[in-house]
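S.K.: Structure: structure.cif, mmCIF, C-alpha atoms and all ligand atoms.
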data_structure
#
loop_
_atom_site.label_atom_id
_atom_site.label_comp_id
_atom_site.auth_asym_id
_atom_site.auth_seq_id
_atom_site.Cartn_x
_atom_site.Cartn_y
_atom_site.Cartn_z
CA MET F 1 -24.26 -10.59 65.06
CA ALA F 2 -27.65 -9.07 66.00
CA TYR F 3 -28.34 -8.38 69.68
CA LEU F 4 -29.87 -5.75 71.97
CA SER F 5 -27.46 -2.87 72.52
CA CYS F 6 -27.12 0.88 71.98
CA GLU F 7 -24.90 3.32 70.08
CA PHE F 8 -23.14 4.40 73.27
CA VAL F 9 -22.18 0.89 74.36
CA GLU F 10 -20.86 0.20 70.88
CA ASN F 11 -19.35 3.53 69.79
CA GLY F 12 -19.77 6.10 72.51
CA MET F 13 -18.09 7.83 75.38
CA CYS F 14 -19.08 10.66 77.67
CA PHE F 15 -16.84 12.84 79.74
CA ILE F 16 -18.04 14.15 83.08
CA TYR F 17 -15.98 16.11 85.60
CA ASP F 18 -14.46 13.08 87.32
CA ALA F 19 -14.94 10.14 84.97
CA ALA F 20 -15.25 8.81 81.45
CA VAL F 21 -18.60 7.06 81.28
CA LEU F 22 -20.56 5.04 78.79
CA CYS F 23 -23.48 7.33 78.02
CA SER F 24 -25.32 10.50 78.85
CA TYR F 25 -28.81 9.06 78.95
CA SER F 26 -28.37 7.35 82.30
CA MET F 27 -26.72 10.53 83.66
CA CYS F 28 -29.71 12.64 82.65
CA MET F 29 -32.43 10.21 83.59
CA LYS F 30 -31.00 8.49 86.64
CA PHE F 31 -28.00 10.60 87.75
CA GLU F 32 -25.95 7.44 87.53
CA ALA F 33 -23.51 6.20 84.96
CA ILE F 34 -21.58 3.16 83.92
CA LYS F 35 -18.01 4.26 84.44
CA ILE F 36 -15.35 3.28 81.95
CA ILE F 37 -12.56 5.06 83.85
CA GLU F 38 -13.08 6.53 87.33
CA ASP F 39 -11.21 9.47 88.92
CA TYR F 40 -10.51 10.76 85.44
CA LYS F 41 -9.19 14.28 84.78
CA GLY F 42 -8.18 14.23 81.13
CA GLU F 43 -5.22 11.86 81.25
CA ILE F 44 -4.28 10.38 77.87
CA PHE F 45 -5.88 6.96 77.57
CA ASP F 46 -4.33 3.60 76.96
CA TRP F 47 -6.70 2.95 74.06
CA ASP F 48 -6.13 -0.82 74.17
CA LYS F 49 -7.46 -0.76 77.71
CA ILE F 50 -10.48 1.32 76.62
CA ARG F 51 -11.18 -1.11 73.78
CA GLN F 52 -10.96 -3.98 76.23
CA ILE F 53 -13.38 -2.39 78.72
CA LYS F 54 -15.84 -1.51 75.99
CA GLN F 55 -15.56 -4.99 74.52
CA GLU F 56 -16.46 -6.45 77.93
CA TYR F 57 -19.67 -4.41 77.89
CA ARG F 58 -20.40 -5.41 74.31
CA ASP F 59 -19.97 -9.07 75.20
CA ARG F 60 -22.30 -8.61 78.15
CA PHE F 61 -24.99 -7.01 75.98
CA ALA F 62 -24.50 -9.70 73.30
CA LYS F 63 -25.33 -12.31 75.98
CA ASN F 64 -28.45 -10.28 76.87
CA ASP F 65 -26.95 -9.54 80.29
CA ILE F 66 -28.23 -5.94 80.31
CA PRO F 67 -27.03 -3.87 83.33
CA PRO F 68 -29.95 -2.78 85.55
CA ILE F 69 -29.28 0.91 84.78
CA CYS F 70 -29.84 0.23 81.07
CA GLN F 71 -32.98 -1.84 81.37
CA GLY F 72 -35.90 -0.13 79.66
CA CYS F 73 -33.68 2.50 78.03
CA PRO F 74 -35.25 3.77 74.77
CA SER F 75 -31.81 3.73 73.11
CA LEU F 76 -31.71 -0.05 73.15
CA LYS F 77 -32.36 -1.74 69.84
CA VAL F 78 -31.68 -5.04 68.19
CA LYS F 79 -29.33 -4.82 65.23
CA ASP F 80 -26.11 -6.20 63.88
CA TRP F 81 -23.55 -4.36 65.99
CA SER F 82 -20.40 -5.62 64.34
CA GLY F 83 -18.15 -2.60 64.34
CA ASP F 84 -14.81 -1.17 65.24
CA MET F 85 -15.59 0.66 68.53
CA GLN F 86 -14.36 4.00 67.17
CA LEU F 87 -15.88 6.89 69.12
CA LYS F 88 -18.83 8.15 67.14
CA TYR F 89 -21.18 9.43 69.86
CA ILE F 90 -19.47 11.73 72.32
CA LEU F 91 -20.74 13.87 75.14
CA ILE F 92 -18.42 16.56 76.48
CA ASN F 93 -19.74 17.56 79.85
CA HIS F 94 -16.71 17.78 82.12
CA TRP F 95 -17.24 21.29 83.46
CA GLU F 96 -20.06 22.95 85.36
CA ASN F 97 -18.97 26.58 85.20
CA CYS F 98 -21.72 28.96 84.14
CA PRO F 99 -22.30 32.67 84.87
CA LEU F 100 -26.05 32.10 85.02
CA ASP F 101 -27.82 30.50 87.94
CA CYS F 102 -31.04 28.91 86.72
CA ILE F 103 -33.26 27.93 89.60
CA TYR F 104 -33.92 24.51 88.08
CA CYS F 105 -30.28 23.68 87.28
CA HIS F 106 -28.48 20.87 89.05
CA THR F 107 -25.67 23.40 89.69
CA HIS F 108 -27.97 25.79 91.59
CA GLU F 109 -27.21 24.54 95.11
CA ARG F 110 -23.43 24.49 94.58
CA LYS F 111 -23.03 27.45 92.22
CA LYS F 112 -20.11 29.26 93.90
CA GLU F 113 -18.14 26.10 94.51
CA LEU F 114 -18.66 24.79 90.96
CA ASN F 115 -17.77 28.10 89.35
CA LYS F 116 -14.43 28.04 91.17
CA MET F 117 -13.51 24.69 89.64
CA LYS F 118 -10.96 24.73 86.85
CA PRO F 119 -11.97 22.40 84.01
CA TRP F 120 -9.40 19.91 82.80
CA LYS F 121 -8.57 19.76 79.09
CA ILE F 122 -10.41 17.41 76.77
CA LEU F 123 -8.86 18.41 73.44
CA PRO F 124 -5.55 16.52 73.92
CA VAL F 125 -7.58 13.35 74.56
CA LEU F 126 -9.59 13.84 71.36
CA LYS F 127 -6.46 14.56 69.34
CA ASP F 128 -4.89 11.42 70.72
CA ALA F 129 -8.03 9.43 69.83
CA LEU F 130 -7.77 10.73 66.27
CA LYS F 131 -4.07 9.83 66.10
CA ASN F 132 -4.83 6.31 67.33
CA ASN F 133 -7.72 5.73 64.94
CA MET F 134 -10.22 5.77 67.81
CA LEU F 135 -12.20 8.80 66.65
CA SER F 136 -14.77 8.27 63.92
CA TYR F 137 -14.81 10.74 61.02
CA GLU F 138 -18.62 10.81 61.10
CA GLY F 139 -20.74 10.99 64.21
CA ASN F 140 -22.27 13.26 66.74
CA VAL F 141 -20.80 15.24 69.61
CA ASN F 142 -22.80 17.06 72.24
CA ILE F 143 -20.92 19.89 73.98
CA THR F 144 -22.93 20.82 77.00
CA GLY F 145 -21.67 21.61 80.52
CA GLY F 146 -21.93 24.41 82.13
CA GLU F 147 -21.98 27.14 79.56
CA PRO F 148 -19.86 26.21 76.50
CA THR F 149 -19.12 29.81 75.49
CA VAL F 150 -17.24 30.40 78.76
CA LEU F 151 -15.16 27.23 78.44
CA LYS F 152 -11.63 28.32 77.43
CA GLU F 153 -11.17 25.29 75.21
CA PHE F 154 -14.46 25.77 73.38
CA PRO F 155 -13.13 27.61 70.27
CA ASP F 156 -10.37 25.03 69.86
CA LEU F 157 -12.85 22.19 70.29
CA MET F 158 -15.12 23.62 67.60
CA LYS F 159 -12.18 24.18 65.27
CA PHE F 160 -10.99 20.61 65.85
CA PHE F 161 -14.35 19.00 65.08
CA LEU F 162 -14.97 21.23 62.07
CA GLU F 163 -11.54 20.86 60.52
CA LYS F 164 -10.49 17.32 61.42
CA THR F 165 -13.80 15.46 61.30
CA ASN F 166 -17.26 15.55 59.78
CA ILE F 167 -18.86 15.04 63.19
CA PHE F 168 -22.11 16.96 63.73
CA ILE F 169 -21.85 19.28 66.73
CA MET F 170 -24.71 19.82 69.16
CA THR F 171 -24.21 22.59 71.70
CA ASN F 172 -26.35 23.41 74.70
CA THR F 173 -25.73 27.08 75.32
CA ALA F 174 -27.46 29.97 77.02
CA ALA F 175 -25.86 32.34 74.45
CA PHE F 176 -24.33 34.20 77.35
CA ASP F 177 -21.41 35.05 75.07
CA TYR F 178 -21.48 35.09 71.27
CA SER F 179 -19.27 32.46 69.66
CA LYS F 180 -18.08 32.99 66.10
CA TRP F 181 -17.47 29.23 66.01
CA ILE F 182 -21.11 28.43 66.68
CA ARG F 183 -22.09 30.80 63.89
CA LYS F 184 -19.52 29.32 61.52
CA ALA F 185 -20.68 25.78 62.29
CA ILE F 186 -24.31 26.76 61.59
CA GLU F 187 -23.23 28.32 58.27
CA LEU F 188 -21.53 25.03 57.39
CA LYS F 189 -24.67 23.10 58.46
CA ARG F 190 -22.46 21.26 60.93
CA SER F 191 -24.09 22.33 64.17
CA ALA F 192 -27.44 22.69 65.88
CA PRO F 193 -27.18 24.85 68.98
CA THR F 194 -29.96 24.63 71.54
CA ILE F 195 -30.23 27.95 73.32
CA SER F 196 -31.63 28.00 76.84
CA LEU F 197 -33.86 31.09 77.03
CA ASP F 198 -36.70 30.14 79.40
CA ALA F 199 -38.25 33.62 79.31
CA GLY F 200 -39.81 36.19 77.03
CA THR F 201 -39.06 39.24 79.14
CA ARG F 202 -36.12 40.67 81.02
CA GLU F 203 -37.94 40.41 84.35
CA THR F 204 -38.89 36.75 83.96
CA TYR F 205 -35.38 35.97 82.76
CA LYS F 206 -33.92 37.54 85.90
CA LYS F 207 -36.23 35.51 88.14
CA ILE F 208 -35.32 32.21 86.50
CA LYS F 209 -31.69 32.70 85.64
CA ASN F 210 -30.63 35.05 88.43
CA ALA F 211 -28.84 37.32 85.95
CA ASP F 212 -29.82 40.51 84.20
CA CYS F 213 -28.67 39.64 80.72
CA PHE F 214 -31.85 38.98 78.72
CA ASN F 215 -31.11 41.82 76.29
CA LYS F 216 -27.54 40.67 75.74
CA VAL F 217 -28.69 37.10 75.09
CA ILE F 218 -31.36 38.24 72.61
CA LYS F 219 -28.70 40.28 70.82
CA ASN F 220 -26.48 37.21 70.60
CA ILE F 221 -29.32 35.06 69.26
CA LYS F 222 -30.02 37.68 66.58
CA ARG F 223 -26.34 37.62 65.61
CA TYR F 224 -26.50 33.84 65.23
CA GLN F 225 -29.57 34.19 63.01
CA LYS F 226 -28.58 37.22 60.95
CA GLY F 227 -28.83 36.61 57.19
CA LEU F 228 -29.25 32.83 57.48
CA ASP F 229 -31.40 31.00 54.96
CA PRO F 230 -34.41 29.08 56.41
CA ILE F 231 -32.61 25.74 56.51
CA ARG F 232 -29.66 27.07 58.49
CA ASN F 233 -31.97 29.16 60.65
CA SER F 234 -33.93 26.02 61.53
CA LEU F 235 -30.78 24.55 63.08
CA ILE F 236 -31.04 27.02 65.95
CA GLY F 237 -33.30 25.77 68.72
CA LEU F 238 -34.65 27.59 71.73
CA LYS F 239 -35.22 25.74 74.97
CA PHE F 240 -37.91 26.76 77.41
CA ILE F 241 -38.32 24.89 80.67
CA PHE F 242 -41.69 25.82 82.09
CA ILE F 243 -41.65 26.48 85.80
CA PRO F 244 -44.96 26.87 87.65
CA GLY F 245 -45.39 30.43 88.86
CA TYR F 246 -42.49 31.78 86.81
CA ASN F 247 -43.00 31.40 83.07
CA ASP F 248 -46.11 29.26 82.65
CA THR F 249 -48.66 32.00 81.99
S1 LIG R 1 -28.67 1.42 77.01
FE1 LIG R 1 -29.21 3.54 77.56
S2 LIG R 1 -28.47 3.79 79.66
FE2 LIG R 1 -27.44 1.98 78.79
S3 LIG R 1 -25.51 2.74 77.93
FE3 LIG R 1 -27.03 2.77 76.29
S4 LIG R 1 -27.89 4.84 76.30
FE4 LIG R 1 -26.87 4.50 78.27
S1 LIG R 2 -27.59 28.12 81.64
FE1 LIG R 2 -27.50 25.88 81.77
S2 LIG R 2 -25.65 25.38 82.95
FE2 LIG R 2 -26.11 27.56 83.25
S3 LIG R 2 -27.26 27.62 85.17
FE3 LIG R 2 -28.73 27.54 83.46
S4 LIG R 2 -29.19 25.35 83.14
FE4 LIG R 2 -27.34 25.49 84.42
#
Now, as a test, write the supplied structure out as structure tokens.
M.R.:
Amino acid sequence: MAYLSCEFVENGMCFIYDAAVLCSYSMCMKFEAIKIIEDYKGEIFDWDKIRQIKQEYRDRFAKNDIPPICQGCPSLKVKDWSGDMQLKYILINHWENCPLDCIYCHTHERKKELNKMKPWKILPVLKDALKNNMLSYEGNVNITGGEPTVLKEFPDLMKFFLEKTNIFIMTNTAAFDYSKWIRKAIELKRSAPTISLDAGTRETYKKIKNADCFNKVIKNIKRYQKGLDPIRNSLIGLKFIFIPGYNDT
């Protein structure tokens, strides 16, 4: 049946530090989210319950009863949404730890406190989803955070997605550490990392990111690029956020 809905309502789930929520868009744009499970720290799901909750949202969208937070969202589209509710669009964003301290980051005001937090484990939940036929073979995962390369589970997460699924992996990294798994995923054309650089010089980098590691990061980016053909090279993106008075010359 055709109705107005989005990929996340139908086939998505996002993990934040204390909840499993419907999508990342509302988190980014409105700092709010539709919670599927609250007070969540990586417990194994009752997937029947998850299906039931998601079905309630689907029914609501099918009746054109769009929640206020979703109204006007560019992800909404009318199409035939008959489907199986397997997780196809996933955002992994349940940790905030990062050795950098960008002045524009939402973690800036609570840096010390957030860096002391110990992230819970997401991999057992994903493995359980696979076992219970709740994880799609194809799809898209965005591993963001915090800095992915400092997340202990990150290599195992990459290995899992690469070996057990054909899901395309987006990573938002500052290339603080080099990850052989990011490089491997680029070689396999299975990943597109977006690297947060924000500066063209060591001095500007220090002012924005409060860390003196511009040279190390550039070295890591060069390692990611080394010997890649143009198509694979084009998978690597650089992110610059322009901040008046810092890097907008
Ligand atoms: S419509 Fe937009 S805000 Fe609502 S769940 Fe979908 S992506 Fe999120
Ligand atoms: S690199 Fe990313 S997570 Fe780390 S402080 Fe900067 S914006 Fe925040």
S.K.: Name each residue within 7 Å of ligand LIG 2 (chain R), counting all atoms listed in the file, as an MDAnalysis selection string.
M.R.: chainID F and resid 96 98:102 104:108 145:147 173:174 196 209
S.K.: Can you sort out the box for ligand LIG 1 (chain R), edges along x, y and z, all listed atoms in, 3 Å on every side, with centre and edge lengths in Å to one decimal, as lines of an AutoDock Vina configuration file?
M.R.:
center_x = -27.4
center_y = 3.1
center_z = 78.0
size_x = 9.7
size_y = 9.4
size_z = 9.4
S.K.: At a cut-off of 8 Å around ligand LIG 1 (chain R), and using only C-alpha atoms and all ligand atoms, what residues come up? Please write them as a list in words.
M.R.: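 Protein and nucleic-acid residues within 8 Å of ligand LIG 1 (chain R): Ser5, Cys6, Glu7, Phe8, Val9, Leu22, Cys23, Ser24, Tyr25, Ser26, Ala33, Ile34, Pro67, Ile69, Cys70, Gln71, Gly72, Cys73, Pro74, Ser75 and Leu76 of chain F.
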S.K.: So, with all atoms listed in the file as the atoms that count, which of F:Asp46, F:Glu38, F:Asp80, F:Glu32 lies closest to Glu10 of chain F?
M.R.: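 Of the candidates, the smallest distance to Glu10 of chain F is held by F:Asp80.
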S.K.: What does the distance between atom CA of Gly245 of chain F and atom CA of Leu197 of chain F come to in Å, to one decimal place?
M.R.: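 If I compute the distance from atom CA of Gly245 of chain F to atom CA of Leu197 of chain F, I get 16.5 Å.
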S.K.: Can you work out which one of F:Asn247, F:Asn140, F:Thr165, F:Asn220 has the shortest atom-to-atom distance to Gly200 of chain F, counting all atoms listed in the file?
M.R.: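 So, comparing all the options, the nearest one is F:Asn247.
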S.K.: Measure the distance from atom CA of Ala185 of chain F to atom CA of Cys213 of chain F in Å and round it to one decimal.
M.R.: 24.4 Å
S.K.: Which one is closest to Ser191 of chain F: F:Asp248, F:Leu162, F:Leu151, F:Leu238? Count only C-alpha atoms.
M.R.: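 For Ser191 of chain F, the nearest of the given residues is F:Leu162.
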S.K.: Taking (-32.3, 41.9, 79.6) in the file's coordinates as the center, which residues reach within 10 Å of it, counting all atoms listed in the file, put as a list of chain:residue names?
M.R.: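 Checking each residue against the 10 Å limit leaves F:Gly200, F:Thr201, F:Arg202, F:Glu203, F:Thr204, F:Tyr205, F:Lys206, F:Ala211, F:Asp212, F:Cys213, F:Phe214, F:Asn215, F:Lys216, F:Val217, F:Ile218, F:Lys219.
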S.K.: So, counting only C-alpha atoms, which residue among F:Ala19, F:Cys14, F:Ile236, F:Ile66 is closest to Leu126 of chain F?
M.R.: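 Of all the options, F:Cys14 lies closest to Leu126 of chain F.
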S.K.: Using only C-alpha atoms, which of F:Ala129, F:Met158, F:His94, F:Ile221 sits nearest Leu114 of chain F?
M.R.: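 Comparing F:Ala129, F:Met158, F:His94, F:Ile221 against Leu114 of chain F, the winner is F:His94.
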S.K.: Which is closer to Asp65 of chain F than all the others in F:Tyr3, F:Trp120, F:Tyr224, F:Tyr40, using only C-alpha atoms?
M.R.: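 Of the candidates, the smallest distance to Asp65 of chain F is held by F:Tyr3.
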S.K.: Which residues come within 12 Å of Ile37 of chain F, counting only C-alpha atoms, excluding same-chain residues fewer than 3 positions away, as a ChimeraX atom specification?
M.R.: /F:13-22,33-34,40-47,49-54
S.K.: Could you work out how far atom CA of Thr144 of chain F lies from atom CA of Asn93 of chain F, giving the answer in Å with one decimal?
M.R.: 5.4 Å
S.K.: Using only C-alpha atoms, determine which residues lie at most 9 Å from Tyr246 of chain F, disregarding the query and same-chain residues fewer than 2 positions distant; provide the list as a VMD selection string.
M.R.: chain F and resid 199 204 207 to 208 242 to 244 248 to 249
